[in-house]
Every structure is written in structure tokens, then in C-alpha cells.
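**Student:** For reference, this is my_file_5.cif, and it has mmCIF, C-alpha atoms.
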data_coords
#
loop_
_atom_site.label_atom_id
_atom_site.label_comp_id
_atom_site.auth_asym_id
_atom_site.auth_seq_id
_atom_site.Cartn_x
_atom_site.Cartn_y
_atom_site.Cartn_z
CA MET A 4 48.23 132.20 -7.08
CA LYS A 5 47.08 128.67 -7.44
CA VAL A 6 50.61 127.35 -7.54
CA VAL A 7 51.62 129.27 -4.43
CA PHE A 8 48.63 127.94 -2.49
CA MET A 9 49.53 124.37 -3.35
CA LYS A 10 53.14 124.97 -2.26
CA ARG A 11 51.98 126.31 1.10
CA ASN A 12 49.84 123.23 1.62
CA ILE A 13 52.87 121.09 0.90
CA ASP A 14 54.95 123.08 3.46
CA PHE A 15 52.27 122.75 6.12
CA GLY A 16 52.06 119.01 5.52
CA GLU A 17 55.81 118.61 5.76
CA LYS A 18 55.91 120.54 9.05
CA ALA A 19 53.17 118.35 10.46
CA ARG A 20 55.03 115.23 9.48
CA ASN A 21 58.25 116.59 11.05
CA ARG A 22 56.43 117.34 14.30
CA GLU A 23 55.06 113.80 14.33
CA ARG A 24 58.53 112.33 13.73
CA ARG A 25 60.03 114.45 16.54
CA LYS A 26 57.28 113.30 18.87
CA GLN A 27 58.00 109.67 18.02
CA VAL A 28 61.74 110.18 18.56
CA LYS A 29 61.06 111.72 21.98
CA GLN A 30 58.90 108.77 22.93
CA GLN A 31 61.59 106.37 21.78
CA MET A 32 64.30 108.27 23.69
CA ALA A 33 62.29 108.55 26.93
CA PRO A 34 63.48 105.17 28.36
CA CYS A 35 67.09 106.12 27.64
CA LYS A 36 66.66 109.43 29.44
CA PHE A 37 65.06 107.60 32.38
CA LEU A 38 67.99 105.20 32.53
CA ARG A 39 70.46 108.09 32.48
CA THR A 40 68.56 109.68 35.36
CA MET A 41 68.62 106.38 37.27
CA LYS A 42 72.39 106.06 36.79
CA VAL A 43 72.92 109.54 38.24
CA THR A 44 70.66 108.65 41.19
CA HIS A 45 72.58 105.43 41.83
CA LYS A 46 75.85 107.32 41.83
CA LEU A 47 74.46 109.75 44.39
CA LEU A 48 73.25 106.87 46.56
CA PHE A 49 76.64 105.13 46.38
CA ALA A 50 78.27 108.37 47.46
CA LEU A 51 75.82 109.00 50.31
CA CYS A 52 75.71 105.45 51.76
CA PRO A 53 79.27 105.43 53.21
CA MET A 54 78.64 108.86 54.72
CA LEU A 55 75.41 107.63 56.34
CA VAL A 56 77.13 104.50 57.70
CA LEU A 57 80.03 106.51 59.14
CA GLY A 58 77.60 108.93 60.71
CA PHE A 59 75.65 106.10 62.35
CA ILE A 60 78.82 104.51 63.73
CA TYR A 61 80.01 107.84 65.12
CA TYR A 62 76.65 108.53 66.74
CA SER A 63 76.32 105.11 68.34
CA SER A 64 79.98 104.45 69.21
CA GLY A 65 79.43 105.45 72.84
CA LYS A 66 76.71 102.82 73.25
CA LEU A 67 78.80 100.14 71.60
CA GLN A 68 81.76 100.82 73.86
CA LEU A 69 79.72 100.04 76.98
CA HIS A 70 79.83 96.35 76.10
CA LEU A 71 83.63 96.01 75.96
CA TRP A 72 85.36 93.55 78.33
CA GLY A 73 82.20 91.92 79.66
CA TYR A 74 80.40 95.20 80.21
CA LYS A 75 76.70 95.52 80.68
CA SER A 76 75.29 98.99 80.14
CA LEU A 77 73.98 99.08 83.71
CA VAL A 78 77.51 98.74 85.09
CA ALA A 79 78.18 102.33 84.13
CA VAL A 80 75.47 103.49 86.52
CA ARG A 81 77.33 102.17 89.58
CA PRO A 82 79.92 104.93 89.88
CA LEU A 83 77.25 107.58 89.55
CA VAL A 84 75.40 106.17 92.54
CA SER A 85 78.47 105.88 94.72
CA LEU A 86 79.85 109.22 93.61
CA LYS A 87 76.94 111.05 95.21
CA SER A 88 78.76 110.53 98.47
CA ALA A 89 82.38 110.10 97.41
CA GLN A 90 82.76 112.33 94.35
CA ALA A 91 79.72 114.61 94.29
CA LYS A 92 81.86 117.59 93.36
CA ALA A 93 83.79 115.82 90.64
CA LEU A 94 80.90 114.60 88.51
CA PRO A 95 77.44 115.91 87.60
CA THR A 96 74.60 114.16 89.39
CA VAL A 97 72.47 113.91 86.25
CA THR A 98 72.61 110.26 85.16
CA THR A 99 72.16 110.82 81.46
CA GLU A 100 73.36 108.50 78.74
CA SER A 101 76.03 111.00 77.70
CA THR A 102 77.36 111.03 81.28
CA MET A 103 77.68 107.24 81.28
CA VAL A 104 79.50 107.34 77.95
CA ASP A 105 81.95 109.86 79.43
CA ILE A 106 82.62 107.50 82.35
CA VAL A 107 83.24 104.39 80.27
CA SER A 108 85.27 104.56 77.07
CA LYS A 109 87.09 101.76 75.27
CA GLY A 110 86.93 99.45 78.27
CA LYS A 111 88.56 102.01 80.61
CA VAL A 112 87.15 104.54 83.01
CA VAL A 113 88.49 107.85 81.78
CA ASP A 114 86.63 110.48 83.80
CA SER A 115 88.73 112.83 85.91
CA ALA A 116 87.32 111.19 89.06
CA PHE A 117 89.21 107.98 88.23
CA ASP A 118 92.86 107.09 87.76
CA ASN A 119 94.38 105.48 84.69
CA GLN A 120 93.40 101.99 85.79
CA GLY A 121 89.80 102.92 86.54
CA PHE A 122 89.92 103.27 90.35
CA LEU A 123 88.32 106.17 92.17
CA LEU A 124 90.91 108.82 92.94
CA THR A 125 89.35 109.67 96.30
CA LEU A 126 89.20 106.60 98.54
CA ASP A 127 88.14 106.17 102.15
CA ALA A 128 86.85 103.43 104.43
CA LYS A 129 83.26 104.74 104.51
CA LEU A 130 80.50 102.65 103.00
CA PRO A 131 79.03 104.07 99.79
CA VAL A 132 75.44 105.24 100.18
CA GLU A 133 73.99 102.26 98.32
CA LEU A 134 75.79 99.81 100.66
CA VAL A 135 74.91 101.44 103.98
CA HIS A 136 71.46 99.82 104.14
CA GLN A 137 72.92 96.40 103.28
CA TYR A 138 75.88 96.37 105.68
CA GLY A 139 75.56 99.35 107.99
CA ASN A 140 73.18 97.71 110.46
CA LEU A 141 74.94 94.35 110.79
CA SER A 142 76.03 93.47 114.30
CA THR A 143 79.72 93.81 115.12
CA GLY A 144 81.65 90.74 114.05
CA ALA A 145 78.94 89.39 111.75
CA CYS A 146 80.15 88.12 108.40
CA LYS A 147 79.05 90.42 105.59
CA PRO A 148 77.91 88.42 102.51
CA GLY A 149 79.23 89.84 99.24
CA TYR A 150 81.01 92.69 101.01
CA ALA A 151 84.42 92.49 99.29
CA ALA A 152 82.95 92.34 95.80
CA ALA A 153 80.43 95.11 96.49
CA LYS A 154 83.09 97.48 97.82
CA MET A 155 85.41 96.57 94.97
CA ALA A 156 82.74 97.42 92.39
CA ALA A 157 82.10 100.73 94.17
CA ILE A 158 85.69 101.92 93.62
CA PHE A 159 86.39 100.00 90.40
CA PRO A 160 83.25 99.95 88.21
CA LYS A 161 84.66 97.34 85.80
CA PHE A 162 84.78 94.68 88.52
CA VAL A 163 82.46 91.73 87.89
CA LYS A 164 82.36 89.08 90.62
CA PRO A 165 81.74 85.74 88.83
CA ALA A 166 85.11 84.06 88.27
CA PRO A 167 85.59 80.44 89.36
CA MET A 168 88.40 79.83 91.84
CA PHE A 169 89.63 76.64 90.15
CA LEU A 170 89.46 75.17 86.67
CA ASP A 171 86.85 72.48 86.05
CA ARG A 172 85.96 70.30 83.07
CA ASN A 173 84.25 73.27 81.39
CA PHE A 174 87.45 75.33 81.29
CA LYS A 175 87.39 75.49 77.48
CA ARG A 176 84.41 77.84 77.71
CA LEU A 177 86.45 80.47 79.54
CA ALA A 178 87.18 82.79 76.62
CA LYS A 179 89.23 85.24 78.67
CA VAL A 180 91.93 82.67 79.40
CA ASN A 181 91.80 80.41 76.38
CA ASN A 182 93.14 83.16 74.12
CA TYR A 183 96.34 83.66 76.15
CA LEU A 184 99.45 81.55 76.65
CA PRO A 185 100.59 80.77 80.23
CA PRO A 186 100.79 82.45 82.67
CA PHE A 187 97.83 84.58 81.57
CA GLY A 188 95.88 81.77 79.97
CA LEU A 189 95.68 78.16 78.83
CA LYS A 190 96.38 78.34 75.11
CA THR A 191 98.26 75.25 73.76
CA GLN A 192 97.77 73.40 77.06
CA GLU A 193 94.17 72.25 76.67
CA ARG A 194 94.97 68.56 76.19
CA VAL A 195 97.24 68.13 79.21
CA ILE A 196 94.84 70.16 81.39
CA ASP A 197 91.95 67.96 80.36
CA THR A 198 94.01 64.90 81.34
CA ILE A 199 94.81 66.44 84.74
CA LEU A 200 91.21 67.38 85.49
CA THR A 201 90.02 63.92 84.52
CA ALA A 202 92.23 62.59 87.33
CA THR A 203 91.52 65.20 90.02
CA LYS A 204 87.70 65.00 89.56
CA ILE A 205 86.90 67.52 92.33
CA PHE A 206 86.88 71.23 91.52
CA GLY A 207 85.69 73.03 94.65
CA LEU A 208 87.10 73.71 98.11
CA SER A 209 85.31 71.10 100.21
CA PRO A 210 81.65 70.23 100.84
CA VAL A 211 81.71 72.08 104.17
CA LEU A 212 83.36 75.25 102.86
CA ASP A 213 81.39 75.30 99.63
CA ARG A 214 78.15 75.33 101.65
CA LEU A 215 79.11 78.40 103.68
CA SER A 216 76.83 81.32 102.90
CA CYS A 217 79.53 83.78 103.95
CA LYS A 218 83.26 83.07 103.71
CA ARG A 219 86.03 84.91 105.56
CA CYS A 220 89.40 84.45 103.90
CA ILE A 221 92.92 85.45 104.85
CA ILE A 222 95.95 85.41 102.58
CA VAL A 223 99.07 84.81 104.65
CA GLY A 224 102.07 86.33 102.95
CA ASN A 225 105.66 85.33 103.58
CA GLY A 226 106.97 88.72 104.66
CA GLY A 227 109.39 89.20 107.51
CA ILE A 228 106.88 91.62 109.00
CA LEU A 229 104.97 88.59 110.35
CA ALA A 230 107.74 87.72 112.78
CA ASN A 231 107.00 88.32 116.47
CA LYS A 232 103.47 89.59 115.87
CA SER A 233 101.74 86.64 117.63
CA LEU A 234 98.91 86.62 115.08
CA GLY A 235 98.65 82.82 114.89
CA SER A 236 95.38 82.41 116.82
CA ARG A 237 93.75 85.28 114.94
CA ILE A 238 94.73 83.83 111.57
CA ASP A 239 93.23 80.47 112.52
CA GLU A 240 89.82 82.11 113.12
CA TYR A 241 89.27 82.60 109.38
CA ASP A 242 87.22 80.10 107.37
CA ILE A 243 89.80 79.88 104.60
CA VAL A 244 93.53 80.31 105.21
CA VAL A 245 95.64 80.64 102.07
CA ARG A 246 99.42 80.14 102.21
CA LEU A 247 102.00 80.63 99.48
CA ASN A 248 104.88 78.53 98.16
CA GLN A 249 107.36 77.17 100.71
CA ALA A 250 106.40 79.34 103.68
CA PRO A 251 106.50 76.86 106.59
CA VAL A 252 104.02 76.55 109.45
CA LYS A 253 105.86 74.17 111.76
CA GLY A 254 108.05 76.12 114.15
CA TYR A 255 106.27 79.42 113.45
CA THR A 256 102.70 78.71 114.59
CA ARG A 257 102.65 81.48 117.23
CA ASP A 258 103.01 84.05 114.44
CA VAL A 259 101.41 82.36 111.42
CA GLY A 260 98.84 79.95 112.88
CA THR A 261 98.30 76.25 112.34
CA LYS A 262 95.46 76.17 109.82
CA THR A 263 96.03 75.77 106.09
CA THR A 264 93.07 75.49 103.73
CA MET A 265 95.12 75.74 100.57
CA ARG A 266 98.69 76.36 99.53
CA ILE A 267 99.15 78.07 96.16
CA THR A 268 102.42 77.32 94.42
CA TYR A 269 104.22 76.54 91.15
CA PRO A 270 106.93 73.92 90.42
CA GLU A 271 109.91 75.96 91.63
CA GLY A 272 107.99 77.12 94.72
CA ALA A 273 106.67 73.74 95.90
CA PHE A 274 108.09 71.96 98.95
CA GLN A 275 110.74 69.40 98.01
CA ASN A 276 110.62 67.88 101.50
CA LYS A 277 107.48 65.74 101.81
CA SER A 278 107.24 66.30 105.57
CA HIS A 279 106.44 69.99 105.08
CA TYR A 280 103.08 69.36 103.40
CA GLU A 281 100.11 69.89 105.73
CA LYS A 282 97.39 67.28 106.01
CA ASP A 283 93.85 68.19 104.96
CA SER A 284 95.01 71.09 102.80
CA LEU A 285 94.64 71.61 99.08
CA PHE A 286 97.62 71.76 96.74
CA VAL A 287 96.67 74.61 94.41
CA PHE A 288 98.78 74.88 91.29
CA MET A 289 99.54 78.05 89.34
CA ALA A 290 101.38 77.81 86.02
CA PHE A 291 103.81 80.38 84.68
CA LYS A 292 104.94 78.48 81.60
CA PRO A 293 103.81 75.48 79.49
CA VAL A 294 106.32 73.07 81.06
CA ASP A 295 104.66 73.68 84.44
CA PHE A 296 101.53 71.81 83.37
CA LYS A 297 103.62 68.82 82.33
CA TRP A 298 105.24 68.87 85.78
CA LEU A 299 101.82 68.80 87.45
CA ARG A 300 100.75 65.86 85.30
CA ASN A 301 103.89 63.99 86.42
CA MET A 302 103.07 64.72 90.07
CA ILE A 303 99.46 63.56 89.75
CA PHE A 304 100.25 60.31 87.95
CA ARG A 305 103.37 59.65 90.07
CA GLU A 306 105.55 59.67 86.96
CA LYS A 307 109.26 60.22 87.16
CA LEU A 308 110.23 63.69 86.06
CA LYS A 309 112.34 63.49 82.90
CA GLY A 310 114.90 66.22 83.41
CA THR A 311 114.41 69.74 84.70
CA GLU A 312 114.93 71.66 81.49
CA GLY A 313 112.74 74.76 81.35
CA PHE A 314 112.74 75.40 85.11
CA TRP A 315 114.79 78.21 86.61
CA LYS A 316 115.77 76.14 89.66
CA SER A 317 115.36 72.61 91.00
CA VAL A 318 111.79 71.40 91.46
CA ALA A 319 110.02 68.81 93.60
CA GLN A 320 110.15 65.25 92.29
CA ASN A 321 107.08 64.19 94.22
CA VAL A 322 104.05 65.86 95.80
CA PRO A 323 102.49 63.75 98.59
CA LYS A 324 98.91 64.65 97.73
CA GLU A 325 96.11 62.61 96.23
CA PRO A 326 94.74 63.83 92.88
CA SER A 327 91.48 64.75 94.67
CA GLU A 328 93.49 67.19 96.82
CA MET A 329 94.96 69.04 93.82
CA ARG A 330 93.48 72.03 92.01
CA ILE A 331 94.47 74.36 89.16
CA LEU A 332 94.05 78.05 89.96
CA ASN A 333 92.09 79.94 87.34
CA PRO A 334 94.73 81.95 85.38
CA TYR A 335 92.21 84.72 84.91
CA PHE A 336 93.32 86.07 88.29
CA ILE A 337 96.89 86.49 87.00
CA GLN A 338 95.58 88.25 83.92
CA GLU A 339 93.22 90.53 85.83
CA ALA A 340 95.75 91.43 88.52
CA ALA A 341 98.43 92.27 85.95
CA PHE A 342 96.52 94.13 83.26
CA GLN A 343 93.37 95.42 84.96
CA PHE A 344 94.34 96.15 88.56
CA ILE A 345 98.07 96.96 88.50
CA GLY A 346 98.45 98.19 84.92
CA LEU A 347 101.48 96.11 83.95
CA PRO A 348 102.47 95.99 80.24
CA MET A 349 100.60 93.36 78.24
CA ASN A 350 103.62 92.50 76.09
CA ASN A 351 101.32 90.81 73.55
CA GLY A 352 100.06 88.50 76.30
CA LEU A 353 103.49 86.99 76.96
CA MET A 354 105.48 86.84 80.19
CA GLY A 355 108.16 89.52 80.13
CA LYS A 356 110.12 91.98 82.20
CA GLY A 357 108.04 93.52 84.95
CA ASN A 358 104.62 92.25 83.87
CA ILE A 359 104.01 89.39 86.31
CA PRO A 360 102.16 90.04 89.59
CA THR A 361 103.43 88.39 92.76
CA LEU A 362 101.70 85.24 93.90
CA GLY A 363 100.32 87.12 96.91
CA THR A 364 98.52 89.68 94.76
CA VAL A 365 97.15 86.92 92.55
CA ALA A 366 95.78 85.19 95.66
CA ILE A 367 94.15 88.43 96.83
CA THR A 368 92.56 88.88 93.41
CA MET A 369 91.16 85.35 93.64
CA ALA A 370 89.74 86.11 97.10
CA LEU A 371 88.01 89.30 95.92
CA HIS A 372 85.95 87.16 93.56
CA ASN A 373 85.32 84.18 95.83
CA CYS A 374 85.32 85.40 99.44
CA ASP A 375 82.90 87.69 101.26
CA GLU A 376 85.51 89.24 103.53
CA VAL A 377 89.24 89.35 102.79
CA ALA A 378 92.19 89.92 105.13
CA VAL A 379 95.95 89.72 104.62
CA ALA A 380 98.97 89.31 106.88
CA GLY A 381 102.68 89.30 106.09
CA PHE A 382 102.42 91.64 103.10
CA GLY A 383 104.58 94.64 102.32
CA TYR A 384 108.11 95.23 101.09
CA ASP A 385 109.80 98.12 102.87
CA MET A 386 112.51 99.08 100.40
CA ASN A 387 113.75 101.77 102.79
CA THR A 388 115.07 99.04 105.12
CA PRO A 389 117.23 96.90 102.80
CA ASN A 390 118.70 94.92 105.73
CA ALA A 391 115.33 93.83 107.10
CA PRO A 392 114.38 90.13 106.64
CA LEU A 393 112.54 89.51 103.40
CA HIS A 394 110.71 86.43 104.76
CA TYR A 395 109.71 85.43 108.29
CA TYR A 396 111.42 82.04 108.00
CA GLU A 397 114.87 82.88 106.60
CA THR A 398 117.68 85.45 106.72
CA VAL A 399 117.48 86.70 103.13
CA GLN A 400 117.39 90.49 103.24
CA MET A 401 114.90 92.93 101.72
CA SER A 402 117.46 94.14 99.19
CA ALA A 403 117.17 90.79 97.37
CA ILE A 404 113.80 91.79 95.94
CA LYS A 405 115.53 94.32 93.71
CA GLU A 406 117.01 91.44 91.77
CA SER A 407 113.57 90.30 90.57
CA TRP A 408 112.96 91.13 86.90
CA THR A 409 109.43 89.76 86.69
CA HIS A 410 107.60 91.96 89.24
CA ASN A 411 106.90 95.67 89.52
CA ILE A 412 106.84 96.06 93.30
CA VAL A 413 106.11 99.81 93.25
CA LYS A 414 103.01 99.58 91.04
CA GLU A 415 101.79 96.49 92.84
CA LYS A 416 102.03 98.23 96.20
CA GLU A 417 99.99 101.14 94.83
CA PHE A 418 97.19 98.73 93.95
CA LEU A 419 97.22 97.03 97.35
CA GLN A 420 97.19 100.40 99.11
CA LYS A 421 93.98 101.26 97.27
CA LEU A 422 92.35 98.10 98.64
CA VAL A 423 93.45 98.89 102.18
CA LYS A 424 92.45 102.55 102.04
CA ALA A 425 88.96 101.65 100.76
CA ASN A 426 88.65 98.98 103.49
CA ILE A 427 88.17 96.24 100.89
CA ILE A 428 90.88 94.15 102.57
CA THR A 429 92.09 94.22 106.18
CA ASP A 430 95.86 94.29 106.67
CA LEU A 431 96.60 92.62 110.02
CA THR A 432 100.32 93.46 109.95
CA ASN A 433 99.95 97.01 108.54
CA GLY A 434 102.75 96.43 106.04
CA ILE A 435 100.95 97.59 102.90
#
Mind converting the file's structure to C-alpha cells?

**Tutor:**
Amino acid sequence: MKVVFMKRNIDFGEKARNRERRKQVKQQMAPCKFLRTMKVTHKLLFALCPMLVLGFIYYSSGKLQLHLWGYKSLVAVRPLVSLKSAQAKALPTVTTESTMVDIVSKGKVVDSAFDNQGFLLTLDAKLPVELVHQYGNLSTGACKPGYAAAKMAAIFPKFVKPAPMFLDRNFKRLAKVNNYLPPFGLKTQERVIDTILTATKIFGLSPVLDRLSCKRCIIVGNGGILANKSLGSRIDEYDIVVRLNQAPVKGYTRDVGTKTTMRITYPEGAFQNKSHYEKDSLFVFMAFKPVDFKWLRNMIFREKLKGTEGFWKSVAQNVPKEPSEMRILNPYFIQEAAFQFIGLPMNNGLMGKGNIPTLGTVAITMALHNCDEVAVAGFGYDMNTPNAPLHYYETVQMSAIKESWTHNIVKEKEFLQKLVKANIITDLTNGI
């Protein structure tokens, strides 16, 4: 019995020692177990993080999209205000954030109340409710400050007024044109443009016109529809009269007026006869290709033109204007007219078939940004009368326009008709 008792004591002692060793092993292994747990947690976090990020982007994508193409989030509210009168049935009247996101998506208005370009589908000459108080009580004939831009924004919510008429010494800050090659921008031409602007020195219209608190502008087109309309005196009543290319005044004043504030042109469209240039008018240059800027530099510095390679027809060898009378039209108006207003193909930002707006439409686009009231005369191509005169000053027939590969006359006319129908521009010759 004594031996057995001693053996049991030995067994109990061994068990106690084993328990103590197991306890020590557990304590030693605890950090390792903690690390294994941490590794599993890290793996879960790495798996969850991308999902959380994607979820946040999806949730907030609507808000981010409001800032595309110069957007401010408040811009999206405009159509909702105007639609209470024009499109009350087409859209809900609740101006929630989700409604605004539906209206503006990826820089384009996509709601069913708007067309593919972002214009209201239903247009009329009535003033939107928010503009009635501002313009409805003005006396007949009074100039309406900011009218063209306000009406434009009412039917095209993406429209933002600030856009300088001409380039100045700060042109390199204009991001929307410095990323495009001519004609839609200035890329690769910065040095020659800087040289030109150093010589011209003046970048506005004139001290008198720049001081006007309300400017009435008229763009005089070259269409044959101007002939025998006797609109000359009415055209001369406008503060700013814009003419295009080689359309003459002398000999046609009864129909086209005598006043010329500026003449917008490019090398192939400029007068080659010095006597045709009007006194006290600005020579406003628009470039279609890089060589055009070199031509303008030659004209400003009275340098002999070295060949005519790169031009599609003969160009003027001399422009009888002082550098202070020359301006460079902001190419943003070409870009906006083509891609935003008309919906022409971008073609990677390069000039191509059917993606260049006519000079007249570019001039109208410029006026929408810089004039308070805008009128046109001599616009409209009637393709149903191919034998009608294309221009008021020559016998070329309407059928010749079909030979143009650069313009899309049908789509351009659709845009101009929107402006007329909404009473944003006044068409004196009713050709649009």
C-alpha cells in the first residue's frame, strides 16, 4: 500500500508539471495567434477597401458630373425654373438633387425635355418666367442688357456668357483653346500669336463701344436674300455691324448699309483689292490652319509673303490696316459652335469633312457672348432653289454650296432655327 501511495503522488506531480508546461506554451503561442488573427483581418480589409471605394464613386458620381465643362452645380437649377412655364408637363417640379443629376449627365443634358445637343425641345418666343420681371416691363425699343445670354441660357443650360471676343496677352490662360490645334484652338501657335499681339497692343472694340452698357449687334451675312430688301438704313442703326469676308459695301449700300464695325475673315477670304477696305473698321482675323497665323504676321509687319503653299486659293499680299486695327477672334467660338451648338463630329479636334461651322455661325456665336441683343440679315441657304443667287454681290448659284466639304448646312440651319424660334436672334431677312 505504501508503494502505491507513493506512485500516485508521483503521477499527481507529473500531471501538475504537464499542466504548467501547457500553460507556458499557450502563453508563448499567444502572440503568434494574435498575429495570425491580424493577418486575417488585414486580408478582409484589403478585400473590403476596393468595394467601399467603388461604392463611394458610384454614389457620388452624379455630383461629380455637374462640374464637367465649366459647370457649376447651380447651373442645373436653371432649366427647372424655366421649365415651370415651358416644360411643366415634361419634368417634375420638385427641384431635388436627383432631378438635377437626371438633367445633367456627362456634360450633356439628357432629359427627355432636351434634344441631343442640350436645347429645349419646345421653343417659343415667350419670355421664361424668371426673365419676365427683368425684361417684360421695358419700354418698346429700349435695349435689353444681357438679354441674348439670358435667353440662351434658358433654352441651353450649359451656356456660360464670359468668353472674350478677341485674344489678348493673357491668351495662354484660356484652357479651352490651348489644348486644340487650329481652327478649334491655338496649340503650336503660341509663339507667333504672342508676337502678333505684341504689335497690335489693343484688344477691345473701341473706347466708345467698350463703354456701352448695352450693345446691339447685327451680323450681316452674304446671302443673295439681301438683294432688293432695302435694309441698309435699318442695319446702320445697330451699335456694332459685323461683316464677313469679301462681301462689298460700295454699290450695295441701299440693301446692306454703310456702317462696318468689324470684318471677320481669313487669308483666302480677305480683300485683295486695297480700295475695298472700309475706314474706321476692325480687321478681325480667324484662323483655320497654322499657316494662317504666319500670314497674319506677314500682314502686320508688312513682310513679303514667301509663297502661297498651304492655302487653297490665292491670298492677299497686303492688308491696308494698322496693327492697332487688327484683332484675332477667339477660336473658342469656332469650337463651341461646332461641337456644342451644332453637334458636328469632333474628329479628335482636327479639321475634317463636315465639322467646320460657317463664318456666319461663328460670328453669331461670338455675338451671343458679347452683345446684349443680336440680329442677323442675309442668312439662309434655300437648297430648294438651286438657281437662286448664293451671294448678293455675284451670280454664283445656290447649287454651288453643295460642293463644300467642310460645312454641314443642314445641321447648322437647325441650330440657327432654334435661335430664331426662341427669339434669341432677330432675322431681318427671314431666310433662316

**Student:** What does the distance from CA of Gln400 (chain A) to CA of Lys262 (chain A) come to in Å, to one decimal?

**Tutor:**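 Interatomic distance, CA of Gln400 (chain A) to CA of Lys262 (chain A): 27.0 Å.
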
**Student:** Selection in question (the file shown): the PyMOL selection byres ((chain A and resi 159) around 9). Which residues does it include, as a VMD selection string?

**Tutor:** chain A and resid 82 112 117 120 to 123 154 to 158 160 to 162

**Student:** Please write as an MDAnalysis selection string the full residue list that the PyMOL selection byres ((chain A and resi 431) around 9) yields on this file.

**Tutor:** chainID A and resid 234 378:381 429:430 432:434

**Student:** How many Å lie between CA of Arg246 (chain A) and CA of Leu393 (chain A), rounded to one decimal?

**Tutor:**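 Value for the CA of Arg246 (chain A)-CA of Leu393 (chain A) distance: 16.2 Å.
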
**Student:** Quick check, in Å to one decimal: how far apart do CA of Cys146 (chain A) and CA of Ile243 (chain A) lie?

**Tutor:**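 We find that CA of Cys146 (chain A) and CA of Ile243 (chain A) lie 13.2 Å from each other.
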
**Student:** Once the PyMOL selection byres ((chain A and resi 392) around 10) is applied to the coordinates I shared, what remains selected? I want it as a list in words.

**Tutor:**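 Applied to this file, the PyMOL selection byres ((chain A and resi 392) around 10) returns Gly226, Gly227, Ile228, Ala230, Tyr384, Asp385, Thr388, Pro389, Asn390, Ala391, Leu393, His394, Tyr395, Tyr396, Glu397, Thr398, Val399, Gln400, Met401, Ser402 and Ala403 of chain A.
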
**Student:** Within 8 Å of Lys414 (chain A), counting all atoms listed in the file, which residues show up once you throw out same-chain ones fewer than 4 positions away? Write them as a PyMOL selection string, please.

**Tutor:** chain A and resi 345-346+418

**Student:** Could you put an axis-aligned box around every listed atom of region 220-225 of chain A, padded by 5 Å on each side, and send me its centre and edge lengths in Å to one decimal, as AutoDock Vina command-line options?

**Tutor:**
--center_x 97.5 --center_y 85.4 --center_z 103.7 --size_x 26.3 --size_y 11.9 --size_z 12.3

**Student:** Which residue gives the smallest distance to Asn301 (chain A) among A:Val365, A:Leu134, A:Val322, A:Ala152, with all atoms listed in the file counted?

**Tutor:** A:Val322

**Student:** Which one is closest to Trp315 (chain A): A:Tyr269, A:Phe169, A:Phe286, A:Phe296? Count all atoms listed in the file.

**Tutor:**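 For Trp315 (chain A), the nearest of the given residues is A:Tyr269.
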
**Student:** Which neighbours of Ser278 (chain A) fall inside 12 Å, counting only C-alpha atoms, when residues of the same chain fewer than 2 positions from it are skipped, and could you give them as JSON, numbers by chain?

**Tutor:** {"A": [249, 251, 252, 253, 274, 275, 276, 280, 281, 282, 321, 322, 323, 324]}

**Student:** When you look at Glu417 (chain A) with a cut-off of 10 Å (counting only C-alpha atoms), what residues show up, excluding the ones that are within fewer than 3 positions of it in the same chain? I need them as a PyMOL selection string.

**Tutor:** chain A and resi 344-345+412-414+420-422+435

**Student:** Could you tell me which of A:Val259, A:Leu130, A:Ile337, A:Cys374 comes closest to Arg219 (chain A) if we count only C-alpha atoms?

**Tutor:**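 Counting only C-alpha atoms, the residue closest to Arg219 (chain A) is A:Cys374.
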
**Student:** Identify, on the basis of only C-alpha atoms, every residue whose closest approach to Glu325 (chain A) does not exceed 10 Å; exclude the query and any residue fewer than 3 positions from it along the same chain; express the result as an MDAnalysis selection string.

**Tutor:** chainID A and resid 202:203 285:286 302:305 322 328:329

**Student:** Skip Gln137 (chain A) itself and residues of its chain fewer than 4 positions away, then list as a VMD selection string all residues within 9 Å of it, counting all atoms listed in the file.

**Tutor:** chain A and resid 133 141 147

**Student:** Which residue is closest to Gly235 (chain A)? Choose from A:Lys356, A:Lys218, A:Arg266, A:Arg257 and count all atoms listed in the file.

**Tutor:** A:Arg257
